[in-house]
Amino acid sequence: YKIPQGDPVWNQFNASFVNRELELHDIANEIYLAHPFTTWHKKEWRNAANYELGQHIAIDFDTEDERSTLTYLAKDKFIQKYAAFIYTTPSHTPANPRARVLFVLDQPIYQAQNYTTAVSALLWIFGTADRQCKDCCRFFYGSRNCDFEWLDNVLPLEKIKEIIAQYKSTGEVIKKTHERKNYKPTADQQEVADALKKIPAWGIDYDQWLSVLMAIHHTFGDAGLQLAKSWGEGVDGEIERKWRSFKRSGNESGAVTANTLFKMALNHGWKSAA
């Protein structure tokens with residue numbers, strides 16, 4: 001059971017998590033019984049401001065093809081060496097496979113920003129993974145009667161730091177340069193395109209990333225898809241899937257416009273030519 005957006009039960013749900021120390025088999029058992037899990041939080045409330053520590057990193061694979069099967073993922077050398085286990089997620093079906101890889105660290109990460117950076121670095125390694133996973137307060141649903149691939153490994157924090165260094169020094173710069181140089185914005189898109197250069201697609205949280213895509217969609221409609229793809233750095237097909245779910249009129253709380261995008265760009269040092 002997944003809680004619908006806007007359901008009043010969310011308040012109760014966000015206050016229901018209990019910080020616990022569990023052995024790996026106990027974690028797997030809780031997942032198998034459909035219990036959700038997240039990082040530790042203070043004040044009995046799950047949000048980024050209350051983040052206390054995290055000693056697991058979960059990466060979702062939702063491509064719904066061979067790349068999201070347990071067999072395929074278990075052959076990956078990094079997963080073979082460092083993952084604790086892999087399991088099928090609640091939305092998995094044999095025809096449309098989905099899976100989650102769980103990494104357990106040898107020591108906790110105590111700063112929310114460091115945790116987000118660590119997850120982002122792992123997402124950089126796995127190009128087909130779901131980028132929503134990088135939020136420090138993200139929870140993951142359990143998966144009743146799921147299938148498991150048991151690997152029983154621990155991921156050292158020193159290895160995470162090594163990957164972060166590679167990610168920061170080469171990953172972001174090379175990836176952005178490669179993806180952005182292939183698209184030239186039209187004249188009416190130029191101001192938005194200039195603002196986008198200041199907004200780091202992998203340096204903001206998922207909701208902000210989604211808001212930028214919504215703002216481009218609201219401003220240009222389908223003509224803005226290539227601009228969104230050149231900036232958004234989503235996994236294969238991710239931006240197109242999100243794009244098809246948008247409405248020009250916005251969501252229940254109203255449209256996200258170009259002004260939202262411009263304000264975000266200003267916060268990252270952009271200066272409007274106007």
# chains A, B, ... in the order shown; residues from 1 in each chain; ligands from 1
$ residues_around --residues "region 89-103 of chain A" --least-positions-apart "5" --cutoff "9 Å" --atoms "only C-alpha atoms" --output "PyMOL selection string"
chain A and resi 1+34+55-70+73+79+82-84+141-144+146-147+153-155
$ write_last_selection --atoms "N, CA, C and O atoms" --output "CSV table (one decimal), in the first residue's frame"
chain,number,residue,atom,x,y,z
A,1,TYR,N,0.9,-1.2,0.0
A,1,TYR,CA,0.0,0.0,0.0
A,1,TYR,C,0.9,1.2,0.0
A,1,TYR,O,1.8,1.4,0.8
A,34,ALA,N,7.0,-5.7,4.7
A,34,ALA,CA,6.5,-4.5,4.1
A,34,ALA,C,6.6,-3.3,5.0
A,34,ALA,O,5.8,-2.3,4.9
A,55,GLN,N,23.3,5.1,7.8
A,55,GLN,CA,24.3,4.1,7.6
A,55,GLN,C,23.9,3.1,6.5
A,55,GLN,O,24.5,2.0,6.4
A,56,HIS,N,22.9,3.5,5.8
A,56,HIS,CA,22.6,2.7,4.6
A,56,HIS,C,22.4,3.6,3.4
A,56,HIS,O,22.1,4.8,3.6
A,57,ILE,N,22.6,3.1,2.2
A,57,ILE,CA,22.3,3.8,1.0
A,57,ILE,C,21.5,2.9,0.1
A,57,ILE,O,21.9,1.8,-0.2
A,58,ALA,N,20.3,3.3,-0.3
A,58,ALA,CA,19.4,2.5,-1.1
A,58,ALA,C,19.3,3.1,-2.5
A,58,ALA,O,19.1,4.3,-2.6
A,59,ILE,N,19.5,2.3,-3.5
A,59,ILE,CA,19.5,2.8,-4.9
A,59,ILE,C,18.4,2.0,-5.7
A,59,ILE,O,18.4,0.8,-5.7
A,60,ASP,N,17.5,2.8,-6.3
A,60,ASP,CA,16.4,2.1,-7.1
A,60,ASP,C,16.7,2.0,-8.5
A,60,ASP,O,17.3,3.0,-9.1
A,61,PHE,N,16.3,0.9,-9.1
A,61,PHE,CA,16.4,0.7,-10.6
A,61,PHE,C,15.0,0.4,-11.1
A,61,PHE,O,14.5,-0.7,-10.9
A,62,ASP,N,14.5,1.4,-11.9
A,62,ASP,CA,13.1,1.3,-12.3
A,62,ASP,C,13.0,1.4,-13.8
A,62,ASP,O,12.0,1.9,-14.3
A,63,THR,N,13.9,0.9,-14.6
A,63,THR,CA,13.9,1.0,-16.0
A,63,THR,C,12.9,0.0,-16.6
A,63,THR,O,12.5,0.1,-17.8
A,64,GLU,N,12.4,-1.0,-15.8
A,64,GLU,CA,11.4,-1.9,-16.2
A,64,GLU,C,11.8,-2.8,-17.4
A,64,GLU,O,11.0,-3.1,-18.3
A,65,ASP,N,13.1,-3.1,-17.4
A,65,ASP,CA,13.6,-4.0,-18.4
A,65,ASP,C,14.7,-4.8,-17.7
A,65,ASP,O,14.8,-4.9,-16.5
A,66,GLU,N,15.5,-5.5,-18.5
A,66,GLU,CA,16.5,-6.4,-17.9
A,66,GLU,C,17.5,-5.7,-16.9
A,66,GLU,O,17.9,-6.3,-15.9
A,67,ARG,N,17.7,-4.4,-17.1
A,67,ARG,CA,18.7,-3.7,-16.3
A,67,ARG,C,18.2,-3.5,-14.8
A,67,ARG,O,18.9,-3.2,-14.0
A,68,SER,N,16.9,-3.8,-14.6
A,68,SER,CA,16.3,-3.7,-13.3
A,68,SER,C,16.0,-5.1,-12.7
A,68,SER,O,15.2,-5.2,-11.7
A,69,THR,N,16.6,-6.1,-13.2
A,69,THR,CA,16.3,-7.5,-12.7
A,69,THR,C,17.4,-7.8,-11.6
A,69,THR,O,18.5,-7.3,-11.7
A,70,LEU,N,17.1,-8.7,-10.7
A,70,LEU,CA,18.0,-9.1,-9.7
A,70,LEU,C,19.3,-9.8,-10.3
A,70,LEU,O,20.4,-9.5,-9.9
A,73,LEU,N,21.6,-7.1,-12.0
A,73,LEU,CA,22.2,-6.2,-11.1
A,73,LEU,C,23.3,-7.0,-10.3
A,73,LEU,O,24.3,-6.4,-9.9
A,79,ILE,N,28.4,-3.8,-7.2
A,79,ILE,CA,27.3,-4.4,-6.4
A,79,ILE,C,27.8,-5.7,-5.8
A,79,ILE,O,27.6,-6.0,-4.6
A,82,TYR,N,30.2,-4.7,-2.9
A,82,TYR,CA,29.9,-3.8,-1.8
A,82,TYR,C,28.5,-3.8,-1.3
A,82,TYR,O,28.2,-3.3,-0.2
A,83,ALA,N,27.5,-4.4,-2.1
A,83,ALA,CA,26.1,-4.3,-1.7
A,83,ALA,C,25.8,-5.4,-0.6
A,83,ALA,O,26.4,-6.5,-0.6
A,84,ALA,N,24.8,-5.0,0.2
A,84,ALA,CA,24.3,-6.0,1.2
A,84,ALA,C,23.4,-7.0,0.6
A,84,ALA,O,23.5,-8.2,0.8
A,141,TYR,N,9.6,2.2,0.9
A,141,TYR,CA,8.6,1.2,1.2
A,141,TYR,C,9.2,-0.2,1.4
A,141,TYR,O,10.1,-0.5,0.6
A,142,GLY,N,8.7,-1.0,2.3
A,142,GLY,CA,9.0,-2.4,2.3
A,142,GLY,C,8.3,-3.1,1.2
A,142,GLY,O,7.6,-2.5,0.4
A,143,SER,N,8.6,-4.3,1.0
A,143,SER,CA,8.1,-5.1,-0.2
A,143,SER,C,7.7,-6.5,0.3
A,143,SER,O,8.5,-7.4,0.3
A,144,ARG,N,6.4,-6.6,0.6
A,144,ARG,CA,5.9,-7.9,1.1
A,144,ARG,C,6.2,-9.0,0.1
A,144,ARG,O,5.9,-9.0,-1.1
A,146,CYS,N,8.8,-10.1,-1.2
A,146,CYS,CA,9.7,-9.8,-2.3
A,146,CYS,C,10.7,-10.9,-2.5
A,146,CYS,O,11.0,-11.8,-1.7
A,147,ASP,N,11.4,-10.8,-3.7
A,147,ASP,CA,12.5,-11.7,-4.0
A,147,ASP,C,13.8,-11.0,-3.5
A,147,ASP,O,14.0,-9.8,-3.7
A,153,ASN,N,27.6,-7.9,1.9
A,153,ASN,CA,28.8,-7.1,1.9
A,153,ASN,C,28.6,-5.8,2.7
A,153,ASN,O,27.4,-5.4,3.0
A,154,VAL,N,29.7,-5.1,3.0
A,154,VAL,CA,29.7,-3.8,3.7
A,154,VAL,C,30.4,-2.8,2.8
A,154,VAL,O,31.5,-3.2,2.3
A,155,LEU,N,29.9,-1.6,2.7
A,155,LEU,CA,30.5,-0.6,1.9
A,155,LEU,C,31.3,0.3,2.8
A,155,LEU,O,30.7,1.0,3.6
$ residues_around --residues "Val192 (chain A)" --least-positions-apart "3" --cutoff "8 Å" --atoms "only C-alpha atoms" --output "PyMOL selection string"
chain A and resi 189+195-196+258+261-262
$ select_by_dssp --residues "region 93-174 of chain A" --states "helix (DSSP H, G or I)" --output "number ranges by chain"
A: 112-125, 131-134, 157-174
$ write_last_selection --atoms "N, CA, C and O atoms" --output "short mmCIF file (atom, residue, chain, number, x, y, z; two decimals), in the first residue's frame"
data_model
loop_
_atom_site.label_atom_id
_atom_site.label_comp_id
_atom_site.auth_asym_id
_atom_site.auth_seq_id
_atom_site.Cartn_x
_atom_site.Cartn_y
_atom_site.Cartn_z
N ALA A 112 23.74 15.78 7.02
CA ALA A 112 22.75 15.57 5.96
C ALA A 112 23.35 15.84 4.58
O ALA A 112 23.13 15.07 3.63
N GLN A 113 24.12 16.93 4.44
CA GLN A 113 24.69 17.26 3.14
C GLN A 113 25.70 16.21 2.70
O GLN A 113 25.76 15.84 1.52
N ASN A 114 26.48 15.70 3.63
CA ASN A 114 27.44 14.65 3.28
C ASN A 114 26.74 13.38 2.84
O ASN A 114 27.20 12.67 1.93
N TYR A 115 25.61 13.08 3.49
CA TYR A 115 24.84 11.90 3.10
C TYR A 115 24.31 12.06 1.68
O TYR A 115 24.41 11.16 0.85
N THR A 116 23.75 13.24 1.39
CA THR A 116 23.22 13.51 0.05
C THR A 116 24.32 13.41 -1.00
O THR A 116 24.12 12.86 -2.09
N THR A 117 25.50 13.95 -0.67
CA THR A 117 26.62 13.87 -1.61
C THR A 117 27.06 12.43 -1.83
O THR A 117 27.36 12.04 -2.97
N ALA A 118 27.07 11.64 -0.78
CA ALA A 118 27.45 10.23 -0.90
C ALA A 118 26.50 9.48 -1.82
O ALA A 118 26.92 8.72 -2.71
N VAL A 119 25.20 9.72 -1.64
CA VAL A 119 24.21 9.04 -2.49
C VAL A 119 24.33 9.53 -3.93
O VAL A 119 24.26 8.74 -4.88
N SER A 120 24.52 10.83 -4.11
CA SER A 120 24.67 11.39 -5.46
C SER A 120 25.86 10.77 -6.18
O SER A 120 25.80 10.50 -7.38
N ALA A 121 26.95 10.55 -5.44
CA ALA A 121 28.13 9.94 -6.04
C ALA A 121 27.85 8.51 -6.50
O ALA A 121 28.30 8.09 -7.57
N LEU A 122 27.09 7.76 -5.71
CA LEU A 122 26.74 6.39 -6.12
C LEU A 122 25.79 6.42 -7.32
O LEU A 122 25.90 5.60 -8.23
N LEU A 123 24.86 7.37 -7.32
CA LEU A 123 23.96 7.50 -8.47
C LEU A 123 24.74 7.82 -9.74
O LEU A 123 24.36 7.41 -10.84
N TRP A 124 25.81 8.57 -9.58
CA TRP A 124 26.67 8.90 -10.72
C TRP A 124 27.29 7.63 -11.31
O TRP A 124 27.41 7.50 -12.53
N ILE A 125 27.64 6.67 -10.46
CA ILE A 125 28.19 5.40 -10.95
C ILE A 125 27.15 4.63 -11.74
O ILE A 125 27.43 4.08 -12.80
N ARG A 131 17.19 9.02 -9.47
CA ARG A 131 17.86 10.09 -8.74
C ARG A 131 17.07 10.59 -7.53
O ARG A 131 17.60 11.33 -6.70
N GLN A 132 15.80 10.19 -7.37
CA GLN A 132 15.05 10.58 -6.18
C GLN A 132 15.71 10.04 -4.91
O GLN A 132 15.51 10.58 -3.82
N CYS A 133 16.49 8.98 -5.06
CA CYS A 133 17.05 8.30 -3.89
C CYS A 133 18.04 9.15 -3.11
O CYS A 133 18.44 8.78 -2.01
N LYS A 134 18.46 10.30 -3.63
CA LYS A 134 19.53 11.03 -2.97
C LYS A 134 19.07 11.91 -1.81
O LYS A 134 19.90 12.39 -1.04
N LEU A 157 33.18 3.49 4.36
CA LEU A 157 33.02 4.93 4.16
C LEU A 157 34.19 5.51 3.39
O LEU A 157 34.03 6.46 2.61
N GLU A 158 35.38 4.94 3.56
CA GLU A 158 36.54 5.42 2.81
C GLU A 158 36.35 5.23 1.31
O GLU A 158 36.81 6.04 0.51
N LYS A 159 35.67 4.15 0.92
CA LYS A 159 35.37 3.92 -0.49
C LYS A 159 34.38 4.97 -1.00
O LYS A 159 34.53 5.48 -2.11
N ILE A 160 33.42 5.32 -0.16
CA ILE A 160 32.47 6.37 -0.51
C ILE A 160 33.21 7.69 -0.75
O ILE A 160 32.96 8.40 -1.71
N LYS A 161 34.14 8.02 0.14
CA LYS A 161 34.89 9.26 0.00
C LYS A 161 35.70 9.27 -1.29
O LYS A 161 35.84 10.30 -1.96
N GLU A 162 36.24 8.13 -1.65
CA GLU A 162 36.99 8.01 -2.90
C GLU A 162 36.09 8.27 -4.10
O GLU A 162 36.47 8.98 -5.04
N ILE A 163 34.88 7.71 -4.06
CA ILE A 163 33.94 7.90 -5.17
C ILE A 163 33.48 9.36 -5.23
O ILE A 163 33.35 9.93 -6.32
N ILE A 164 33.25 9.96 -4.06
CA ILE A 164 32.85 11.37 -4.03
C ILE A 164 33.91 12.25 -4.67
O ILE A 164 33.60 13.18 -5.44
N ALA A 165 35.16 11.98 -4.38
CA ALA A 165 36.27 12.77 -4.96
C ALA A 165 36.25 12.65 -6.48
O ALA A 165 36.42 13.65 -7.20
N GLN A 166 36.05 11.44 -6.99
CA GLN A 166 35.98 11.24 -8.44
C GLN A 166 34.77 11.95 -9.03
O GLN A 166 34.85 12.59 -10.08
N TYR A 167 33.66 11.83 -8.34
CA TYR A 167 32.40 12.45 -8.78
C TYR A 167 32.54 13.97 -8.88
O TYR A 167 32.14 14.59 -9.87
N LYS A 168 33.14 14.56 -7.86
CA LYS A 168 33.28 16.01 -7.84
C LYS A 168 34.29 16.51 -8.86
O LYS A 168 34.09 17.56 -9.49
N SER A 169 35.38 15.79 -9.01
CA SER A 169 36.46 16.28 -9.87
C SER A 169 36.20 16.05 -11.35
O SER A 169 36.65 16.82 -12.19
N THR A 170 35.47 14.99 -11.67
CA THR A 170 35.27 14.69 -13.10
C THR A 170 33.81 14.52 -13.48
O THR A 170 33.38 15.02 -14.52
N GLY A 171 33.04 13.86 -12.65
CA GLY A 171 31.69 13.47 -13.06
C GLY A 171 30.79 14.62 -13.43
O GLY A 171 30.26 14.67 -14.53
N GLU A 172 30.61 15.60 -12.53
CA GLU A 172 29.68 16.68 -12.78
C GLU A 172 30.12 17.53 -13.98
O GLU A 172 29.33 17.83 -14.86
N VAL A 173 31.39 17.90 -13.99
CA VAL A 173 31.87 18.80 -15.05
C VAL A 173 31.77 18.15 -16.42
O VAL A 173 31.23 18.71 -17.38
N ILE A 174 32.29 16.92 -16.53
CA ILE A 174 32.29 16.24 -17.82
C ILE A 174 30.87 15.95 -18.29
O ILE A 174 30.52 16.17 -19.45
#
$ closest_residue --among "A:Glu240, A:Glu52, A:Asp26, A:Glu149" --to "Thr39 (chain A)" --atoms "only C-alpha atoms"
A:Glu52
$ closest_residue --among "A:Lys197, A:Lys42, A:Lys2, A:Lys77" --to "His268 (chain A)" --atoms "only C-alpha atoms"
A:Lys197
$ atom_distance --atom1 "CA of Ile204 (chain A)" --atom2 "CA of Phe246 (chain A)"
20.1 Å
$ atom_distance --atom1 "CA of Leu266 (chain A)" --atom2 "CA of Ser230 (chain A)"
19.9 Å
$ atom_distance --atom1 "CA of Lys43 (chain A)" --atom2 "CA of Val104 (chain A)"
24.1 Å
$ closest_residue --among "A:Glu233, A:Glu21, A:Glu30, A:Asp194" --to "Leu53 (chain A)" --atoms "only C-alpha atoms"
A:Glu21
$ residues_around --residues "Asp188 (chain A)" --least-positions-apart "2" --cutoff "12 Å" --atoms "only C-alpha atoms" --output "MDAnalysis selection string"
chainID A and resid 184:186 190:194 216 219:220 223:224 227
$ closest_residue --among "A:Thr38, A:Ser245, A:Ser211, A:Ser272" --to "Thr257 (chain A)" --atoms "only C-alpha atoms"
A:Ser211
$ closest_residue --among "A:Trp231, A:Phe78, A:Phe140, A:Phe85" --to "Pro200 (chain A)" --atoms "only C-alpha atoms"
A:Trp231
$ closest_residue --among "A:Tyr87, A:Gly269, A:Phe139, A:Ala74" --to "Trp40 (chain A)" --atoms "only C-alpha atoms"
A:Phe139
$ select_by_dssp --residues "region 20-127 of chain A" --states "strand (DSSP E)" --output "count of residues only"
28
